[in-house]
Amino acid sequence: MTPRRPIARTIAILSSLVAGAGVALHHSRSEFPAVVVLATFAAAAWALSIVALIASVRARSVLLGIIAVALVGVGVVQYGPLVAPPRRIDDGEGIPMRVMVQNLEYGRAAPHDVVRAVRTSGVDLLMTVETTSEAADALRTAGLTGLLPHEAAATAPTTHGVAVWSRFPLSPPERVSGFSRGLVRTEMAGPGGPVTVVAVHPVAPLFDTPAAVEEAERLRWYLGSLPGPAPVVVGGDFNATWDHVRFRDLRSLGYTDSVAGGSDGWVPTWPAGRRIPPLIGIDHVLARGAVTVGETDTVEVGRTDHLGVLATVLLPAPRLR
């Protein structure tokens, strides 16, 4: 045995253990704080299965190679929905609506950057969280209401405010209890008919894991209770990634994340404005009852630690009578 083989074997074993932990975290329903927080980085842990595969080849170990191949295959199944080709959409099948989500970070985000993003991206519906009354006023002064004249705002200090801004008429905001950082529902008179809009901001597991788990379960119940068949568009800072099983549970209710719906892959949104690029995707746009949702992109806004998320929701075309 050459001197390099024991080193390669050790690397293969350690990498397989970390990758296996990533797989377990991806599926874990544990409420233990460390598990919930670490699940945020499950994809990074699983990526070491590639290292394990290379190292097992260098070590010439059939057993370690089989384990590594299995771990790679499991990851392909786990993350395949993020890159699987979406179904082909025929022209005229629906009405596109451009949606944007932006965390304003204590209301300090640069209002002119937000308005510029709305203008240049042709945004029809904007959902903002951490929306203070001062931030809402600054957005209005910067010209947001000239682009999106209808609003349903439930502003509040620091991280608790949520607001919806739209090109189409909105009903008064309904602030739903049980969400410490805010959840607002409004009904939009959309271009193809009524649309229920929900802007969300559950608490982050890093700050209060028991509350985060409770609010994730409550969010699932609430979104599942919304009546159809009118489309539902949900957006905000979910403080959850694709690796959090409670976020993926929303699929069973008919909701599609724009990233998975559009095969848009990995779309990290936090932390922004740092020396390092964003690492995790916790800001999302979801839809139920839409033809499709996708075309996910991000936009940088000054003075906030979140990238804005852009997505297109293809609403059903009105039926001819």
# chains A, B, ... in the order shown; residues from 1 in each chain; ligands from 1
>>> residues_around(residues="Leu170 in chain A", least_positions_apart="5", cutoff="7 Å", atoms="only C-alpha atoms", output="list in words")
His150, Glu151, Ala152, Thr186, Glu187, Met188 and Ala189 of chain A
>>> residues_around(residues="Arg246 in chain A", least_positions_apart="6", cutoff="8 Å", atoms="only C-alpha atoms", output="ChimeraX atom specification")
/A:29,216-217,220
>>> write_last_selection(atoms="C-alpha atoms", output="PDB file, in the first residue's frame")
ATOM      1  CA  ARG A  29     -37.940  16.337  11.983  1.00  0.00           C
ATOM      2  CA  ALA A 216     -43.399  26.515  10.822  1.00  0.00           C
ATOM      3  CA  GLU A 217     -46.105  24.051  11.824  1.00  0.00           C
ATOM      4  CA  ARG A 220     -48.331  24.918   7.263  1.00  0.00           C
TER       5      ARG A 220
END
>>> residues_around(residues="Ala44 in chain A", least_positions_apart="5", cutoff="12 Å", atoms="only C-alpha atoms", output="number ranges by chain")
A: 15, 18-23, 25-26, 38-39, 49-51, 75, 79, 243, 266, 279-280
>>> write_last_selection(atoms="N, CA, C and O atoms", output="mmCIF file, in the first residue's frame")
data_model
loop_
_atom_site.group_PDB
_atom_site.id
_atom_site.type_symbol
_atom_site.label_atom_id
_atom_site.label_comp_id
_atom_site.auth_asym_id
_atom_site.auth_seq_id
_atom_site.Cartn_x
_atom_site.Cartn_y
_atom_site.Cartn_z
ATOM 1 N N SER A 15 -15.276 12.250 5.034
ATOM 2 C CA SER A 15 -16.187 12.941 4.123
ATOM 3 C C SER A 15 -17.527 12.218 4.037
ATOM 4 O O SER A 15 -18.589 12.853 3.976
ATOM 5 N N VAL A 18 -19.598 13.053 7.159
ATOM 6 C CA VAL A 18 -20.197 14.391 7.100
ATOM 7 C C VAL A 18 -21.332 14.419 6.085
ATOM 8 O O VAL A 18 -22.407 14.982 6.337
ATOM 9 N N ALA A 19 -21.115 13.797 4.917
ATOM 10 C CA ALA A 19 -22.163 13.767 3.894
ATOM 11 C C ALA A 19 -23.387 13.002 4.387
ATOM 12 O O ALA A 19 -24.530 13.415 4.141
ATOM 13 N N GLY A 20 -23.150 11.905 5.093
ATOM 14 C CA GLY A 20 -24.263 11.150 5.664
ATOM 15 C C GLY A 20 -25.039 11.966 6.679
ATOM 16 O O GLY A 20 -26.266 11.901 6.745
ATOM 17 N N ALA A 21 -24.320 12.768 7.457
ATOM 18 C CA ALA A 21 -24.986 13.658 8.410
ATOM 19 C C ALA A 21 -25.844 14.680 7.671
ATOM 20 O O ALA A 21 -26.956 15.017 8.106
ATOM 21 N N GLY A 22 -25.333 15.178 6.537
ATOM 22 C CA GLY A 22 -26.112 16.121 5.740
ATOM 23 C C GLY A 22 -27.403 15.507 5.236
ATOM 24 O O GLY A 22 -28.460 16.152 5.253
ATOM 25 N N VAL A 23 -27.335 14.263 4.778
ATOM 26 C CA VAL A 23 -28.535 13.561 4.316
ATOM 27 C C VAL A 23 -29.535 13.415 5.465
ATOM 28 O O VAL A 23 -30.737 13.646 5.301
ATOM 29 N N LEU A 25 -29.784 15.255 8.167
ATOM 30 C CA LEU A 25 -30.324 16.560 8.529
ATOM 31 C C LEU A 25 -31.420 17.004 7.562
ATOM 32 O O LEU A 25 -32.408 17.627 7.963
ATOM 33 N N HIS A 26 -31.233 16.680 6.290
ATOM 34 C CA HIS A 26 -32.212 17.056 5.271
ATOM 35 C C HIS A 26 -33.583 16.451 5.567
ATOM 36 O O HIS A 26 -34.620 17.058 5.263
ATOM 37 N N LEU A 38 -28.443 23.301 12.152
ATOM 38 C CA LEU A 38 -27.486 22.665 11.251
ATOM 39 C C LEU A 38 -28.136 22.198 9.949
ATOM 40 O O LEU A 38 -27.460 22.115 8.919
ATOM 41 N N ALA A 39 -29.442 21.924 9.974
ATOM 42 C CA ALA A 39 -30.130 21.518 8.751
ATOM 43 C C ALA A 39 -30.032 22.598 7.680
ATOM 44 O O ALA A 39 -30.106 22.312 6.482
ATOM 45 N N SER A 49 -19.845 14.409 -0.288
ATOM 46 C CA SER A 49 -19.923 13.066 -0.867
ATOM 47 C C SER A 49 -19.090 12.990 -2.148
ATOM 48 O O SER A 49 -18.568 11.927 -2.503
ATOM 49 N N ILE A 50 -18.962 14.120 -2.843
ATOM 50 C CA ILE A 50 -18.117 14.159 -4.043
ATOM 51 C C ILE A 50 -16.655 13.956 -3.649
ATOM 52 O O ILE A 50 -15.908 13.211 -4.309
ATOM 53 N N VAL A 51 -16.246 14.611 -2.569
ATOM 54 C CA VAL A 51 -14.886 14.428 -2.049
ATOM 55 C C VAL A 51 -14.679 12.976 -1.640
ATOM 56 O O VAL A 51 -13.632 12.375 -1.910
ATOM 57 N N GLY A 75 -28.287 12.377 -2.720
ATOM 58 C CA GLY A 75 -28.302 13.828 -2.891
ATOM 59 C C GLY A 75 -28.939 14.246 -4.200
ATOM 60 O O GLY A 75 -29.634 15.270 -4.263
ATOM 61 N N TYR A 79 -31.972 16.888 -4.183
ATOM 62 C CA TYR A 79 -31.853 18.217 -4.771
ATOM 63 C C TYR A 79 -32.247 18.257 -6.240
ATOM 64 O O TYR A 79 -32.237 19.320 -6.856
ATOM 65 N N ASP A 243 -33.561 22.570 2.657
ATOM 66 C CA ASP A 243 -33.155 21.456 3.517
ATOM 67 C C ASP A 243 -33.990 21.343 4.780
ATOM 68 O O ASP A 243 -33.825 20.378 5.531
ATOM 69 N N TRP A 266 -29.774 26.568 -7.133
ATOM 70 C CA TRP A 266 -29.437 27.142 -5.832
ATOM 71 C C TRP A 266 -29.518 28.668 -5.934
ATOM 72 O O TRP A 266 -28.808 29.286 -6.724
ATOM 73 N N LEU A 279 -24.877 32.758 1.289
ATOM 74 C CA LEU A 279 -24.617 31.330 1.475
ATOM 75 C C LEU A 279 -25.878 30.472 1.446
ATOM 76 O O LEU A 279 -25.824 29.308 1.059
ATOM 77 N N ILE A 280 -26.999 31.020 1.902
ATOM 78 C CA ILE A 280 -28.206 30.201 2.018
ATOM 79 C C ILE A 280 -29.408 30.939 1.431
ATOM 80 O O ILE A 280 -29.458 32.170 1.417
#
>>> select_by_dssp(residues="range 107-239 of chain A", states="strand (DSSP E or B)", output="PyMOL selection string")
chain A and resi 125-129+150-154+162-166+170+174-175+183-190+193-200+232-237
>>> write_last_selection(atoms="N, CA and C atoms", output="compact mmCIF listing (two decimals), in the first residue's frame")
# COMPACT_ATOMS: atom_id res chain seq x y z
N LEU A 125 -46.09 42.84 -7.99
CA LEU A 125 -46.45 42.56 -6.60
C LEU A 125 -45.18 42.52 -5.76
N LEU A 126 -45.12 43.36 -4.73
CA LEU A 126 -43.95 43.43 -3.85
C LEU A 126 -44.38 43.10 -2.43
N MET A 127 -43.64 42.21 -1.78
CA MET A 127 -43.86 41.89 -0.37
C MET A 127 -42.60 42.24 0.40
N THR A 128 -42.75 43.07 1.45
CA THR A 128 -41.61 43.48 2.26
C THR A 128 -41.82 43.05 3.70
N VAL A 129 -40.74 42.60 4.33
CA VAL A 129 -40.78 42.28 5.76
C VAL A 129 -39.77 43.17 6.48
N HIS A 150 -51.33 50.33 -4.94
CA HIS A 150 -52.17 49.71 -3.91
C HIS A 150 -51.29 49.07 -2.85
N GLU A 151 -51.66 49.25 -1.57
CA GLU A 151 -50.86 48.68 -0.50
C GLU A 151 -51.74 48.13 0.60
N ALA A 152 -51.20 47.10 1.26
CA ALA A 152 -51.81 46.51 2.44
C ALA A 152 -50.69 46.36 3.45
N ALA A 153 -50.50 47.39 4.25
CA ALA A 153 -49.33 47.46 5.13
C ALA A 153 -49.72 47.30 6.59
N ALA A 154 -48.98 46.47 7.28
CA ALA A 154 -49.10 46.31 8.74
C ALA A 154 -47.72 46.59 9.32
N VAL A 162 -44.86 43.97 8.23
CA VAL A 162 -45.03 43.27 6.96
C VAL A 162 -45.93 44.12 6.06
N ALA A 163 -45.60 44.17 4.78
CA ALA A 163 -46.41 44.98 3.87
C ALA A 163 -46.47 44.35 2.49
N VAL A 164 -47.56 44.62 1.80
CA VAL A 164 -47.78 44.16 0.43
C VAL A 164 -48.08 45.39 -0.43
N TRP A 165 -47.42 45.47 -1.57
CA TRP A 165 -47.60 46.59 -2.51
C TRP A 165 -47.93 45.99 -3.87
N SER A 166 -48.92 46.56 -4.57
CA SER A 166 -49.40 45.89 -5.77
C SER A 166 -49.82 46.86 -6.86
N LEU A 170 -55.98 45.89 -3.67
CA LEU A 170 -55.82 44.98 -2.54
C LEU A 170 -56.88 45.27 -1.49
N GLU A 174 -54.94 41.83 6.67
CA GLU A 174 -55.35 41.03 7.82
C GLU A 174 -54.08 40.47 8.46
N ARG A 175 -53.74 40.97 9.64
CA ARG A 175 -52.56 40.48 10.34
C ARG A 175 -52.97 39.26 11.15
N LEU A 183 -47.37 38.01 9.88
CA LEU A 183 -47.94 37.37 8.69
C LEU A 183 -49.15 38.20 8.30
N VAL A 184 -49.20 38.64 7.07
CA VAL A 184 -50.29 39.47 6.56
C VAL A 184 -50.93 38.80 5.36
N ARG A 185 -52.25 38.82 5.35
CA ARG A 185 -53.02 38.28 4.22
C ARG A 185 -53.84 39.41 3.61
N THR A 186 -53.91 39.44 2.31
CA THR A 186 -54.75 40.39 1.60
C THR A 186 -55.28 39.72 0.34
N GLU A 187 -56.42 40.20 -0.14
CA GLU A 187 -57.01 39.68 -1.36
C GLU A 187 -56.76 40.66 -2.50
N MET A 188 -56.21 40.17 -3.57
CA MET A 188 -55.87 41.01 -4.72
C MET A 188 -56.85 40.77 -5.86
N ALA A 189 -57.33 41.86 -6.46
CA ALA A 189 -58.14 41.74 -7.67
C ALA A 189 -57.19 41.65 -8.84
N GLY A 190 -56.71 40.44 -9.11
CA GLY A 190 -55.66 40.22 -10.10
C GLY A 190 -56.14 40.36 -11.53
N GLY A 193 -58.41 37.43 -12.18
CA GLY A 193 -59.38 37.08 -11.15
C GLY A 193 -58.78 37.22 -9.77
N PRO A 194 -59.50 36.83 -8.73
CA PRO A 194 -59.02 37.01 -7.36
C PRO A 194 -57.76 36.18 -7.09
N VAL A 195 -56.86 36.77 -6.29
CA VAL A 195 -55.64 36.09 -5.86
C VAL A 195 -55.44 36.39 -4.38
N THR A 196 -55.24 35.36 -3.58
CA THR A 196 -54.91 35.55 -2.18
C THR A 196 -53.40 35.74 -2.06
N VAL A 197 -52.99 36.80 -1.37
CA VAL A 197 -51.58 37.11 -1.20
C VAL A 197 -51.25 37.03 0.29
N VAL A 198 -50.19 36.30 0.61
CA VAL A 198 -49.76 36.14 2.00
C VAL A 198 -48.28 36.49 2.09
N ALA A 199 -47.95 37.46 2.93
CA ALA A 199 -46.56 37.84 3.18
C ALA A 199 -46.18 37.33 4.56
N VAL A 200 -45.05 36.60 4.64
CA VAL A 200 -44.72 35.88 5.87
C VAL A 200 -43.31 36.22 6.35
N VAL A 232 -53.09 31.26 -4.76
CA VAL A 232 -52.50 31.83 -3.56
C VAL A 232 -51.02 32.08 -3.84
N VAL A 233 -50.56 33.28 -3.58
CA VAL A 233 -49.15 33.63 -3.75
C VAL A 233 -48.60 33.97 -2.37
N VAL A 234 -47.52 33.31 -2.00
CA VAL A 234 -46.92 33.49 -0.68
C VAL A 234 -45.48 33.92 -0.86
N GLY A 235 -45.05 34.91 -0.11
CA GLY A 235 -43.66 35.34 -0.21
C GLY A 235 -43.17 35.92 1.09
N GLY A 236 -41.86 35.92 1.25
CA GLY A 236 -41.27 36.53 2.43
C GLY A 236 -39.96 35.88 2.81
N ASP A 237 -39.50 36.25 3.98
CA ASP A 237 -38.31 35.66 4.58
C ASP A 237 -38.78 34.52 5.46
>>> select_by_dssp(residues="range 60-145 of chain A", states="alpha helix (DSSP H)", output="PyMOL selection string")
chain A and resi 62-79+111-120+133-141+144-145
>>> residues_around(residues="Pro278 in chain A", least_positions_apart="5", cutoff="10 Å", atoms="only C-alpha atoms", output="list of chain:residue names")
A:Val267, A:Pro268, A:Thr269, A:Trp270, A:Pro271, A:Ala272, A:Gly273, A:Asp305, A:His306, A:Leu307
>>> write_last_selection(atoms="C-alpha atoms", output="PDB file, in the first residue's frame")
ATOM      1  CA  VAL A 267     -30.571  30.751  -5.157  1.00  0.00           C
ATOM      2  CA  PRO A 268     -28.824  32.047  -2.019  1.00  0.00           C
ATOM      3  CA  THR A 269     -30.163  35.272  -0.505  1.00  0.00           C
ATOM      4  CA  TRP A 270     -28.417  35.692   2.867  1.00  0.00           C
ATOM      5  CA  PRO A 271     -26.130  37.226   4.041  1.00  0.00           C
ATOM      6  CA  ALA A 272     -25.864  40.027   1.482  1.00  0.00           C
ATOM      7  CA  GLY A 273     -23.619  43.052   1.482  1.00  0.00           C
ATOM      8  CA  ASP A 305     -28.437  41.810   4.598  1.00  0.00           C
ATOM      9  CA  HIS A 306     -30.901  40.063   2.262  1.00  0.00           C
ATOM     10  CA  LEU A 307     -30.936  39.980  -1.517  1.00  0.00           C
TER      11      LEU A 307
END
>>> residues_around(residues="Val114 in chain A", least_positions_apart="5", cutoff="12 Å", atoms="only C-alpha atoms", output="count of residues only")
39
>>> closest_residue(among="A:Ser30, A:Thr241, A:Ser177, A:Thr256", to="Ala43 in chain A", atoms="only C-alpha atoms")
A:Thr241
>>> residues_around(residues="range 53-68 of chain A", least_positions_apart="3", cutoff="6 Å", atoms="only C-alpha atoms", output="ChimeraX atom specification")
/A:5,8-9,12,49-50,71
>>> residues_around(residues="His160 in chain A", least_positions_apart="4", cutoff="6 Å", atoms="only C-alpha atoms", output="PyMOL selection string")
chain A and resi 130+156+181-182
>>> atom_distance(atom1="CA of Ala42 in chain A", atom2="CA of Ala24 in chain A")
8.3 Å
>>> closest_atom_pairs(of="range 233-273 of chain A", to="range 205-211 of chain A", cutoff="12 Å", atoms="only C-alpha atoms", output="Markdown table")
| residue | atom | partner | partner_atom | distance |
| --- | --- | --- | --- | --- |
| A:Phe238 | CA | A:Pro205 | CA | 10.4 |
| A:Asn239 | CA | A:Pro205 | CA | 7.4 |
| A:Ala240 | CA | A:Pro205 | CA | 8.4 |
| A:Thr241 | CA | A:Pro205 | CA | 11.4 |
| A:His244 | CA | A:Pro205 | CA | 10.7 |
>>> decode(residues="range 21-35 of chain A", atoms="N, CA, C and O atoms", output="PDB file, in the first residue's frame")
ATOM      1  N   ALA A  21     -24.320  12.768   7.457  1.00  0.00           N
ATOM      2  CA  ALA A  21     -24.986  13.658   8.410  1.00  0.00           C
ATOM      3  C   ALA A  21     -25.844  14.680   7.671  1.00  0.00           C
ATOM      4  O   ALA A  21     -26.956  15.017   8.106  1.00  0.00           O
ATOM      5  N   GLY A  22     -25.333  15.178   6.537  1.00  0.00           N
ATOM      6  CA  GLY A  22     -26.112  16.121   5.740  1.00  0.00           C
ATOM      7  C   GLY A  22     -27.403  15.507   5.236  1.00  0.00           C
ATOM      8  O   GLY A  22     -28.460  16.152   5.253  1.00  0.00           O
ATOM      9  N   VAL A  23     -27.335  14.263   4.778  1.00  0.00           N
ATOM     10  CA  VAL A  23     -28.535  13.561   4.316  1.00  0.00           C
ATOM     11  C   VAL A  23     -29.535  13.415   5.465  1.00  0.00           C
ATOM     12  O   VAL A  23     -30.737  13.646   5.301  1.00  0.00           O
ATOM     13  N   ALA A  24     -29.022  13.021   6.634  1.00  0.00           N
ATOM     14  CA  ALA A  24     -29.899  12.848   7.797  1.00  0.00           C
ATOM     15  C   ALA A  24     -30.547  14.171   8.201  1.00  0.00           C
ATOM     16  O   ALA A  24     -31.741  14.221   8.521  1.00  0.00           O
ATOM     17  N   LEU A  25     -29.784  15.255   8.167  1.00  0.00           N
ATOM     18  CA  LEU A  25     -30.324  16.560   8.529  1.00  0.00           C
ATOM     19  C   LEU A  25     -31.420  17.004   7.562  1.00  0.00           C
ATOM     20  O   LEU A  25     -32.408  17.627   7.963  1.00  0.00           O
ATOM     21  N   HIS A  26     -31.233  16.680   6.290  1.00  0.00           N
ATOM     22  CA  HIS A  26     -32.212  17.056   5.271  1.00  0.00           C
ATOM     23  C   HIS A  26     -33.583  16.451   5.567  1.00  0.00           C
ATOM     24  O   HIS A  26     -34.620  17.058   5.263  1.00  0.00           O
ATOM     25  N   HIS A  27     -33.611  15.275   6.157  1.00  0.00           N
ATOM     26  CA  HIS A  27     -34.873  14.563   6.415  1.00  0.00           C
ATOM     27  C   HIS A  27     -35.320  14.642   7.867  1.00  0.00           C
ATOM     28  O   HIS A  27     -36.397  14.142   8.203  1.00  0.00           O
ATOM     29  N   SER A  28     -34.525  15.256   8.723  1.00  0.00           N
ATOM     30  CA  SER A  28     -34.813  15.221  10.152  1.00  0.00           C
ATOM     31  C   SER A  28     -35.991  16.108  10.537  1.00  0.00           C
ATOM     32  O   SER A  28     -36.104  17.252  10.091  1.00  0.00           O
ATOM     33  N   ARG A  29     -36.843  15.573  11.391  1.00  0.00           N
ATOM     34  CA  ARG A  29     -37.940  16.337  11.983  1.00  0.00           C
ATOM     35  C   ARG A  29     -37.659  16.671  13.447  1.00  0.00           C
ATOM     36  O   ARG A  29     -38.556  17.096  14.174  1.00  0.00           O
ATOM     37  N   SER A  30     -36.434  16.465  13.846  1.00  0.00           N
ATOM     38  CA  SER A  30     -36.062  16.755  15.225  1.00  0.00           C
ATOM     39  C   SER A  30     -36.318  18.216  15.564  1.00  0.00           C
ATOM     40  O   SER A  30     -36.155  19.106  14.724  1.00  0.00           O
ATOM     41  N   GLU A  31     -36.727  18.472  16.786  1.00  0.00           N
ATOM     42  CA  GLU A  31     -36.922  19.831  17.278  1.00  0.00           C
ATOM     43  C   GLU A  31     -35.744  20.286  18.125  1.00  0.00           C
ATOM     44  O   GLU A  31     -35.784  21.381  18.691  1.00  0.00           O
ATOM     45  N   PHE A  32     -34.697  19.467  18.182  1.00  0.00           N
ATOM     46  CA  PHE A  32     -33.519  19.824  18.952  1.00  0.00           C
ATOM     47  C   PHE A  32     -32.847  21.022  18.287  1.00  0.00           C
ATOM     48  O   PHE A  32     -32.597  20.998  17.074  1.00  0.00           O
ATOM     49  N   PRO A  33     -32.553  22.088  19.033  1.00  0.00           N
ATOM     50  CA  PRO A  33     -32.051  23.322  18.416  1.00  0.00           C
ATOM     51  C   PRO A  33     -30.866  23.141  17.480  1.00  0.00           C
ATOM     52  O   PRO A  33     -30.856  23.681  16.370  1.00  0.00           O
ATOM     53  N   ALA A  34     -29.868  22.389  17.897  1.00  0.00           N
ATOM     54  CA  ALA A  34     -28.676  22.239  17.056  1.00  0.00           C
ATOM     55  C   ALA A  34     -29.011  21.556  15.739  1.00  0.00           C
ATOM     56  O   ALA A  34     -28.465  21.914  14.681  1.00  0.00           O
ATOM     57  N   VAL A  35     -29.920  20.594  15.767  1.00  0.00           N
ATOM     58  CA  VAL A  35     -30.288  19.870  14.543  1.00  0.00           C
ATOM     59  C   VAL A  35     -31.019  20.805  13.574  1.00  0.00           C
ATOM     60  O   VAL A  35     -30.736  20.823  12.369  1.00  0.00           O
TER      61      VAL A  35
END
